[in-house]
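Dropping structure.txt in here (compact mmCIF, C-alpha atoms):
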# COMPACT_ATOMS: atom_id res chain seq x y z
CA MET A 1 163.14 108.19 18.07
CA PHE A 2 159.49 109.25 18.07
CA THR A 3 156.84 107.91 20.45
CA PRO A 4 153.05 108.39 20.51
CA ALA A 5 152.01 111.68 22.10
CA LYS A 6 150.19 111.35 25.41
CA ARG A 7 148.55 114.10 27.39
CA GLN A 8 149.50 112.33 30.62
CA GLN A 9 153.09 113.40 29.93
CA SER A 10 152.04 117.05 30.19
CA LYS A 11 151.06 119.29 33.08
CA ILE A 12 148.37 121.95 33.19
CA ARG A 13 149.47 125.56 32.77
CA LEU A 14 146.49 127.70 33.74
CA GLY A 15 146.34 131.49 33.77
CA LEU A 16 143.74 133.39 35.82
CA ILE A 17 143.40 137.03 34.76
CA GLY A 18 141.30 139.64 36.54
CA PRO A 19 141.22 142.93 38.43
CA SER A 20 141.46 143.20 42.19
CA GLY A 21 138.44 141.56 43.83
CA SER A 22 137.71 139.15 41.01
CA GLY A 23 138.60 136.10 43.12
CA LYS A 24 141.84 134.99 41.46
CA THR A 25 143.49 133.50 44.57
CA TYR A 26 140.30 131.85 45.85
CA SER A 27 139.54 130.37 42.41
CA ALA A 28 143.12 129.15 42.03
CA LEU A 29 142.93 127.24 45.33
CA LEU A 30 139.61 125.62 44.41
CA ILE A 31 140.90 124.56 40.99
CA ALA A 32 144.10 123.25 42.59
CA GLN A 33 142.00 121.02 44.86
CA GLY A 34 140.31 119.60 41.78
CA LEU A 35 143.68 118.91 40.16
CA GLY A 36 144.63 116.92 43.26
CA GLY A 37 147.81 116.35 45.26
CA LYS A 38 150.00 118.62 47.39
CA ILE A 39 149.49 122.33 46.81
CA ALA A 40 152.07 125.10 47.16
CA LEU A 41 151.35 128.81 46.85
CA LEU A 42 153.98 131.45 46.03
CA ASP A 43 152.61 134.63 47.60
CA THR A 44 153.74 138.04 46.33
CA GLU A 45 150.67 139.82 47.74
CA ARG A 46 152.03 140.63 51.22
CA GLY A 47 150.61 137.63 53.03
CA SER A 48 147.19 137.54 51.40
CA GLY A 49 147.85 133.99 50.22
CA SER A 50 147.40 132.73 53.78
CA LEU A 51 143.92 134.22 54.19
CA TYR A 52 142.27 131.09 52.81
CA ALA A 53 143.95 128.61 55.17
CA ASP A 54 140.54 127.21 56.12
CA LEU A 55 139.69 126.43 52.49
CA CYS A 56 142.09 123.53 52.03
CA ALA A 57 145.54 122.26 52.99
CA TYR A 58 148.37 124.08 51.23
CA ASP A 59 151.83 125.45 51.95
CA VAL A 60 152.83 129.07 51.41
CA ALA A 61 156.12 130.77 50.57
CA GLU A 62 156.12 134.56 50.65
CA LEU A 63 158.13 136.37 47.99
CA THR A 64 159.00 139.95 48.90
CA PRO A 65 160.64 142.63 46.72
CA PRO A 66 162.66 142.68 44.62
CA PHE A 67 160.53 140.58 42.27
CA ASP A 68 163.38 139.55 40.00
CA PRO A 69 162.21 136.77 37.63
CA ALA A 70 165.20 134.72 38.77
CA ARG A 71 163.65 134.50 42.24
CA TYR A 72 160.44 133.12 40.68
CA VAL A 73 162.51 130.53 38.81
CA LYS A 74 164.19 129.47 42.06
CA ALA A 75 160.80 129.13 43.78
CA ILE A 76 159.40 127.02 40.92
CA GLN A 77 162.41 124.72 41.06
CA GLY A 78 162.08 124.50 44.84
CA ALA A 79 158.41 123.48 44.60
CA ALA A 80 159.27 120.77 42.09
CA GLU A 81 162.14 119.43 44.22
CA ALA A 82 159.88 119.38 47.30
CA GLY A 83 157.42 117.10 45.51
CA TYR A 84 154.43 119.42 45.19
CA ASP A 85 151.83 118.50 42.59
CA VAL A 86 150.39 121.99 42.05
CA LEU A 87 152.07 125.38 42.33
CA ILE A 88 150.00 128.57 42.46
CA ILE A 89 151.97 131.69 41.52
CA ASP A 90 150.06 134.58 43.07
CA SER A 91 150.81 136.76 41.28
CA LEU A 92 152.90 136.58 38.13
CA THR A 93 152.31 140.27 37.49
CA HIS A 94 154.97 141.33 40.00
CA ALA A 95 157.69 139.68 37.92
CA TRP A 96 156.74 142.08 35.14
CA ALA A 97 155.50 145.32 36.74
CA GLY A 98 156.48 144.98 40.41
CA GLU A 99 159.43 146.36 42.31
CA GLY A 100 162.53 144.78 40.80
CA GLY A 101 160.50 143.28 37.95
CA ILE A 102 161.26 143.41 34.24
CA LEU A 103 159.87 146.88 33.60
CA GLU A 104 161.83 148.43 36.46
CA PHE A 105 164.97 146.61 35.31
CA VAL A 106 164.54 148.00 31.79
CA ASP A 107 163.94 151.50 33.13
CA ARG A 108 167.10 151.46 35.23
CA ALA A 109 169.19 149.87 32.48
CA THR A 110 167.96 152.44 29.96
CA GLN A 111 168.95 155.29 32.24
CA ALA A 112 172.39 153.75 32.73
CA VAL A 113 173.27 153.00 29.11
CA LYS A 114 170.93 155.51 27.42
CA ASN A 115 169.78 152.77 25.09
CA ASN A 116 166.35 151.19 25.48
CA PHE A 117 167.08 148.50 22.90
CA ALA A 118 170.16 147.36 24.79
CA ALA A 119 168.17 147.30 28.02
CA TRP A 120 165.54 145.00 26.53
CA ARG A 121 168.29 142.81 25.10
CA GLU A 122 169.30 142.11 28.70
CA ALA A 123 165.76 141.92 30.10
CA SER A 124 164.21 139.52 27.59
CA PRO A 125 166.40 136.53 28.58
CA LYS A 126 165.33 137.04 32.22
CA HIS A 127 161.67 136.94 31.22
CA ASN A 128 162.22 133.98 28.88
CA ALA A 129 163.95 132.03 31.66
CA LEU A 130 160.86 132.45 33.84
CA VAL A 131 158.57 131.25 31.04
CA ASP A 132 160.83 128.25 30.41
CA ALA A 133 160.81 127.39 34.11
CA MET A 134 157.00 127.39 34.19
CA LEU A 135 156.71 125.31 31.03
CA GLY A 136 159.35 122.80 32.07
CA ALA A 137 158.34 122.27 35.69
CA PRO A 138 157.10 118.72 36.46
CA LEU A 139 153.97 119.96 38.25
CA HIS A 140 150.75 121.80 37.45
CA ILE A 141 151.05 125.57 37.55
CA ILE A 142 148.25 128.09 38.10
CA ALA A 143 149.39 131.69 37.66
CA THR A 144 147.25 134.66 38.65
CA ILE A 145 147.72 137.84 36.63
CA ARG A 146 146.32 141.27 37.40
CA SER A 147 144.46 143.13 34.68
CA LYS A 148 143.91 146.77 33.83
CA THR A 149 141.50 148.70 31.64
CA ALA A 150 142.60 148.63 28.01
CA TRP A 151 141.99 151.58 25.66
CA GLU A 152 142.14 152.00 21.92
CA VAL A 153 142.08 155.18 19.84
CA VAL A 154 139.31 154.94 17.24
CA LYS A 155 137.81 157.28 14.68
CA ASP A 156 134.24 158.44 15.23
CA GLU A 157 132.33 157.72 12.01
CA ARG A 158 129.97 160.64 12.59
CA THR A 159 132.42 163.41 13.48
CA GLY A 160 135.62 162.11 11.89
CA LYS A 161 137.49 162.80 15.12
CA THR A 162 139.54 160.27 17.05
CA LYS A 163 138.83 159.42 20.65
CA PRO A 164 140.00 156.86 23.22
CA VAL A 165 137.57 153.96 23.68
CA LYS A 166 137.64 151.43 26.50
CA ILE A 167 137.86 148.00 24.87
CA GLY A 168 138.01 145.78 27.96
CA LEU A 169 140.65 144.48 30.34
CA ALA A 170 144.25 143.67 29.49
CA PRO A 171 146.65 141.51 31.55
CA ILE A 172 149.55 143.33 33.23
CA GLN A 173 152.20 141.15 31.68
CA ARG A 174 154.26 140.94 28.53
CA ASP A 175 152.17 140.76 25.36
CA GLY A 176 151.72 137.21 24.13
CA LEU A 177 152.39 135.47 27.45
CA GLU A 178 148.88 134.00 27.45
CA TYR A 179 149.83 131.81 24.48
CA GLU A 180 152.19 129.84 26.74
CA PHE A 181 149.31 128.54 28.87
CA THR A 182 147.09 125.52 28.33
CA ALA A 183 144.12 127.73 29.13
CA VAL A 184 143.54 131.29 30.29
CA LEU A 185 140.41 132.25 32.22
CA GLU A 186 139.36 135.87 32.68
CA LEU A 187 137.50 136.57 35.93
CA SER A 188 134.99 139.35 36.55
CA VAL A 189 134.41 141.19 39.81
CA ASP A 190 130.63 140.74 39.48
CA GLY A 191 129.92 137.15 40.42
CA HIS A 192 133.55 136.02 39.95
CA ILE A 193 132.40 134.60 36.62
CA ALA A 194 135.05 133.17 34.29
CA THR A 195 135.33 133.13 30.52
CA ALA A 196 138.06 131.49 28.48
CA THR A 197 140.20 133.87 26.44
CA LYS A 198 142.49 131.03 25.37
CA ASP A 199 141.63 127.33 25.66
CA ARG A 200 143.56 124.45 24.12
CA THR A 201 141.35 121.94 25.92
CA GLY A 202 138.08 122.98 24.31
CA LEU A 203 136.38 122.52 27.69
CA PHE A 204 135.42 126.12 28.35
CA ASP A 205 134.89 127.77 24.96
CA GLY A 206 131.71 129.85 24.96
CA SER A 207 131.02 129.17 28.66
CA TYR A 208 130.42 131.60 31.49
CA PHE A 209 130.97 129.84 34.82
CA THR A 210 132.19 130.14 38.39
CA PRO A 211 135.52 128.28 38.78
CA GLY A 212 135.63 125.56 41.41
CA LYS A 213 136.92 122.08 42.18
CA GLU A 214 134.99 120.75 39.18
CA THR A 215 137.10 122.95 36.92
CA GLY A 216 140.27 121.24 38.12
CA LYS A 217 138.69 117.79 37.85
CA LYS A 218 137.66 118.48 34.25
CA LEU A 219 141.20 119.57 33.39
CA ILE A 220 142.69 116.42 34.90
CA ALA A 221 140.16 114.22 33.09
CA TRP A 222 141.04 115.94 29.82
CA LEU A 223 144.76 115.57 30.52
CA ASN A 224 144.32 111.84 31.20
CA GLY A 225 142.40 111.35 27.96
CA GLU A 226 139.17 110.51 29.74
CA PRO A 227 135.78 111.17 28.08
CA VAL A 228 134.98 114.47 29.75
CA ASN A 229 131.56 114.76 28.12
CA GLY A 230 130.56 111.17 28.95
CA ASN A 231 130.04 110.04 25.34
CA GLY A 232 133.43 108.45 24.73
CA ASP A 233 134.85 111.47 22.92
CA ASP A 234 137.88 112.85 24.76
CA HIS A 235 137.85 116.11 22.79
CA PRO A 236 134.19 117.03 22.31
CA VAL A 237 133.18 119.74 19.89
CA ASP A 238 130.41 120.85 22.22
CA PRO A 239 131.69 119.86 25.69
CA LYS A 240 129.17 119.39 28.49
CA PRO A 241 129.75 122.09 31.09
CA ALA A 242 130.66 121.35 34.68
CA ARG A 243 127.91 121.43 37.28
CA ASN A 244 128.35 125.14 37.93
CA VAL A 245 128.92 126.21 34.32
CA VAL A 246 126.36 128.46 32.68
CA GLN A 247 126.48 128.44 28.88
CA MET A 248 125.92 131.77 27.20
CA PRO A 249 124.43 131.99 23.73
CA ALA A 250 127.23 132.28 21.20
CA PRO A 251 126.89 135.17 18.76
CA PRO A 252 126.19 134.21 15.15
CA LYS A 253 129.31 133.70 13.07
CA VAL A 254 128.84 136.76 10.93
CA GLU A 255 130.72 140.00 10.81
CA PRO A 256 129.06 142.64 13.00
CA ARG A 257 127.29 145.19 10.85
CA THR A 258 125.29 148.29 11.50
CA GLU A 259 121.61 147.62 10.81
CA ARG A 260 119.35 150.54 10.02
CA GLY A 261 116.99 151.26 12.88
CA THR A 262 119.00 149.43 15.58
CA SER A 263 119.94 151.34 18.74
CA VAL A 264 120.47 150.69 22.43
CA GLY A 265 116.75 151.34 22.90
CA ASP A 266 116.01 148.55 20.41
CA LEU A 267 118.11 146.12 22.46
CA PHE A 268 116.08 146.80 25.58
CA GLY A 269 112.94 146.50 23.47
CA VAL A 270 113.96 142.98 22.44
CA LEU A 271 114.71 142.16 26.09
CA ARG A 272 111.14 143.15 26.97
CA THR A 273 109.68 140.96 24.22
CA LEU A 274 111.73 138.08 25.63
CA GLY A 275 110.18 138.66 29.06
CA LEU A 276 113.49 139.93 30.45
CA GLY A 277 112.63 143.59 30.84
CA GLY A 278 113.35 143.40 34.54
CA GLN A 279 116.84 141.97 33.99
CA VAL A 280 118.48 145.12 32.61
CA GLU A 281 120.97 145.23 35.49
CA PHE A 282 122.29 141.77 34.64
CA TYR A 283 122.28 142.47 30.92
CA GLU A 284 124.51 145.47 31.65
CA MET A 285 126.87 143.14 33.56
CA TYR A 286 126.99 140.85 30.54
CA LEU A 287 127.79 143.76 28.20
CA ALA A 288 130.53 145.00 30.52
CA LYS A 289 132.07 141.54 30.60
CA LYS A 290 131.90 141.03 26.85
CA TYR A 291 132.86 144.50 25.62
CA GLY A 292 134.42 146.21 28.62
CA HIS A 293 131.67 148.85 28.83
CA GLY A 294 127.94 149.24 29.34
CA SER A 295 125.13 149.93 26.90
CA LYS A 296 125.78 153.70 26.76
CA ASP A 297 129.19 153.14 25.12
CA LEU A 298 128.26 150.39 22.65
CA THR A 299 129.58 150.94 19.13
CA PRO A 300 127.25 150.54 16.13
CA GLY A 301 128.86 147.16 15.38
CA GLU A 302 128.36 145.96 18.95
CA ILE A 303 124.73 147.12 18.94
CA SER A 304 124.16 145.22 15.72
CA GLU A 305 125.81 142.09 17.09
CA GLN A 306 123.67 142.21 20.23
CA PHE A 307 120.51 142.91 18.24
CA ILE A 308 121.14 139.82 16.11
CA THR A 309 121.96 137.64 19.14
CA LEU A 310 118.90 138.73 21.13
CA SER A 311 116.67 138.35 18.08
CA ARG A 312 117.88 134.78 17.67
CA CYS A 313 116.77 134.09 21.24
CA LYS A 314 113.19 134.66 20.03
CA ARG A 315 113.53 131.75 17.64
CA ASP A 316 115.88 129.51 19.59
CA ALA A 317 114.52 128.28 22.93
CA LYS A 318 117.90 126.83 23.88
CA MET A 319 119.65 130.16 23.46
CA LEU A 320 116.93 131.92 25.43
CA LYS A 321 117.33 129.44 28.29
CA GLN A 322 121.10 129.98 28.29
CA LEU A 323 120.53 133.71 28.58
CA THR A 324 117.99 133.43 31.39
CA ASP A 325 120.19 130.93 33.25
CA TYR A 326 123.08 133.37 33.08
CA PHE A 327 120.95 136.22 34.45
CA ALA A 328 119.67 133.92 37.19
CA ALA A 329 123.22 132.99 38.20
CA LEU A 330 124.13 136.66 38.56
CA GLU A 331 120.96 137.36 40.53
CA ASN A 332 121.59 134.47 42.93
CA TYR A 333 125.13 135.66 43.51
CA LYS A 334 123.94 139.19 44.24
CA LYS A 335 121.41 137.88 46.78
CA ALA A 336 124.05 135.76 48.47
CA ALA A 337 126.61 138.58 48.64

Here is the file; what I need is its structure written in the form of structure tokens.
Amino acid sequence: MFTPAKRQQSKIRLGLIGPSGSGKTYSALLIAQGLGGKIALLDTERGSGSLYADLCAYDVAELTPPFDPARYVKAIQGAAEAGYDVLIIDSLTHAWAGEGGILEFVDRATQAVKNNFAAWREASPKHNALVDAMLGAPLHIIATIRSKTAWEVVKDERTGKTKPVKIGLAPIQRDGLEYEFTAVLELSVDGHIATATKDRTGLFDGSYFTPGKETGKKLIAWLNGEPVNGNGDDHPVDPKPARNVVQMPAPPKVEPRTERGTSVGDLFGVLRTLGLGGQVEFYEMYLAKKYGHGSKDLTPGEISEQFITLSRCKRDAKMLKQLTDYFAALENYKKAA
């Protein structure tokens, strides 16, 4: 009845989340090349999927409104039947928030029956069918997902008043969808740098890197049970990054706390003592990526966390090198842009 589990029986399900201009489509095509085989791209972005025809060989199918999830399911089944090895869904967001997507369906159904609960009772099976189609397809799937600024209402400790605070970027999709993927990478506009927000492979945890063919090759190696880190361990605790991966120093595993005397000015003071006083621009990029805002909007807990991390760089040469490498990668990208 039961047989030994093998990764080779599975297919990669990769999510790429980011705002417009973060390089989702371009990154998806590069990763698909690394995965290998015939590539298909389902384009919901009005023909933008064909703009990278010189990048590699791939076939395109344009999906126009209405973006009913059932049409996505049909396209996924069609790609599988046609023998494609990788399907890029660009983008999955339209099935949720596009014309004819789930949210519009719920809105219309609610107006018709005057019952939001009943509307969702009809909509949820449509969404679940799309998820099941992606999970059950016999090919690798890379889905791009748009993101938006996420806000949270918090209480100001000094005034006692509540205010909205920007906490980062949130995918424009149903909550919890990211848990269906093997890995989810969040892309930034600055440098098109990726970080893993969910990673079952363990390949990208704690890494800041630019996705490319190597990313796809690493995923295939992991899927085939090959020693990705070169030491015979097919699931390394501290995986060696790909050639273009830049490791960022991980924050200490302690709860952020407000330390007396720490402020944004103190953070820049530590940067100067580290010899990075001229890298403020790139430090701001790092803060925006990590917290969703710059130094001016850091909370006391975030200031404390950064103060501890930067202070550790004084004592840990490896962490300091990771930080300087990251800044250098951003600087090189800016020069090349």

Review point. Could you list as a PyMOL selection string every residue that has an atom within 10 Å of (158.0, 120.6, 43.4), using the file's coordinates and counting all atoms listed in the file?
Key: chain A and resi 38-40+75-87+137-140

Spatial neighbours of segment 102-110 of chain A, 8 Å, only C-alpha atoms, chain gap at least 3 places, as a PDB file with C-alpha atoms, in the coordinates of the input:
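around.pdb, written as the output of this step:
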ATOM      1  CA  ASP A  68     163.380 139.550  40.000  1.00  0.00           C
ATOM      2  CA  PRO A  69     162.210 136.770  37.630  1.00  0.00           C
ATOM      3  CA  ALA A  95     157.690 139.680  37.920  1.00  0.00           C
ATOM      4  CA  TRP A  96     156.740 142.080  35.140  1.00  0.00           C
ATOM      5  CA  ALA A  97     155.500 145.320  36.740  1.00  0.00           C
ATOM      6  CA  GLY A  98     156.480 144.980  40.410  1.00  0.00           C
ATOM      7  CA  GLU A  99     159.430 146.360  42.310  1.00  0.00           C
ATOM      8  CA  VAL A 113     173.270 153.000  29.110  1.00  0.00           C
ATOM      9  CA  LYS A 114     170.930 155.510  27.420  1.00  0.00           C
ATOM     10  CA  ASN A 115     169.780 152.770  25.090  1.00  0.00           C
ATOM     11  CA  ASN A 116     166.350 151.190  25.480  1.00  0.00           C
ATOM     12  CA  ALA A 118     170.160 147.360  24.790  1.00  0.00           C
ATOM     13  CA  ALA A 119     168.170 147.300  28.020  1.00  0.00           C
ATOM     14  CA  TRP A 120     165.540 145.000  26.530  1.00  0.00           C
ATOM     15  CA  ALA A 123     165.760 141.920  30.100  1.00  0.00           C
ATOM     16  CA  LYS A 126     165.330 137.040  32.220  1.00  0.00           C
ATOM     17  CA  HIS A 127     161.670 136.940  31.220  1.00  0.00           C
TER      18      HIS A 127
END

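Distance-wise, atom CA of Gly21 of chain A and atom CA of Leu323 of chain A end up 24.8 Å apart.
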
**Study point:** All residues 7 Å or closer to segment 176-181 of chain A, all atoms listed in the file, same chain fewer than 4 positions away omitted, as number ranges by chain
**Key:** A: 13-15

Practice item. Choose the residue, out of A:Ser20, A:Thr324, A:Ser263, A:Thr182, that has the smallest atom-to-atom separation from Phe307 of chain A; count all atoms listed in the file. Key: A:Ser263

Point to revise | For atom CA of Tyr208 of chain A and atom CA of Ala194 of chain A, the interatomic separation in Å (one decimal) | key: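 Value for the atom CA of Tyr208 of chain A-atom CA of Ala194 of chain A distance: 5.6 Å.
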
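Of the residues listed (A:Leu223, A:Met134, A:Ala32, A:Leu274), A:Leu274 shows the shortest atom-to-atom separation from Arg315 of chain A; distances use only C-alpha atoms.
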
Review point. Separation of atom CA of Asn224 of chain A and atom CA of Thr201 of chain A, in Å?
Key: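 Answer for the atom CA of Asn224 of chain A to atom CA of Thr201 of chain A separation: 11.8 Å.
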
Practice item. Using only C-alpha atoms, pick whichever of A:Gly225, A:Asp54, A:Arg121, A:Thr25 has the shortest atom-to-atom distance to Ser10 of chain A. Key: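 Looking at the shortest contact to Ser10 of chain A, the residue is A:Gly225.
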
Practice item. May I ask which of the residues A:Arg146, A:Lys213, A:Phe2, A:Val184 is the closest one to Pro171 of chain A, counting all atoms listed in the file? Key: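 The answer is A:Arg146, which sits nearest to Pro171 of chain A.
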
Exercise for review: Between A:Ala328, A:Thr162, A:Lys314, A:Ile308, single out the one closest to Tyr283 of chain A, counting all atoms listed in the file.
Suggested key: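 Looking at the shortest contact to Tyr283 of chain A, the residue is A:Ala328.
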
**Study point:** A:Ala70, A:Leu203, A:Ala61, A:Ile172 ranked by distance to Leu92 of chain A, top pick (using all atoms listed in the file)
**Key:**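 Once distances to Leu92 of chain A are computed over all atoms listed in the file, the minimum belongs to A:Ile172.
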
Review point. So which residues touch segment 284-287 of chain A within 12 Å, counting only C-alpha atoms, skipping near sequence neighbours fewer than 6 positions away, as number ranges by chain?
Key: A: 167-168, 188-195, 208, 248-249, 264, 267-268, 271, 278, 293-299, 302-303, 305-306, 323-324, 326-327, 329-331, 334

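Look at Ser50 of chain A: the protein and nucleic acid residues within 12 Å of it, using all atoms listed in the file and passing over chain neighbours fewer than 3 places away, are Thr25, Tyr26, Leu29, Ala40, Leu41, Leu42, Asp43, Thr44, Glu45, Arg46, Gly47, Ala53, Asp54, Leu55, Cys56, Ala57, Tyr58, Asp59, Val60, Ala61, Glu62 and Asp90 of chain A.
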
Show me the residues close to (138.1, 133.3, 22.3) - anything with an atom within 12 Å, counting all atoms listed in the file - and format the list as a tab-separated table (two decimals) with C-alpha atoms, in the frame of the given file.
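Final output, saved to selection04.tsv:
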chain	number	residue	atom	x	y	z
A	178	GLU	CA	148.88	134.00	27.45
A	183	ALA	CA	144.12	127.73	29.13
A	184	VAL	CA	143.54	131.29	30.29
A	185	LEU	CA	140.41	132.25	32.22
A	186	GLU	CA	139.36	135.87	32.68
A	195	THR	CA	135.33	133.13	30.52
A	196	ALA	CA	138.06	131.49	28.48
A	197	THR	CA	140.20	133.87	26.44
A	198	LYS	CA	142.49	131.03	25.37
A	199	ASP	CA	141.63	127.33	25.66
A	200	ARG	CA	143.56	124.45	24.12
A	202	GLY	CA	138.08	122.98	24.31
A	204	PHE	CA	135.42	126.12	28.35
A	205	ASP	CA	134.89	127.77	24.96
A	206	GLY	CA	131.71	129.85	24.96
A	207	SER	CA	131.02	129.17	28.66
A	250	ALA	CA	127.23	132.28	21.20
A	251	PRO	CA	126.89	135.17	18.76
A	290	LYS	CA	131.90	141.03	26.85
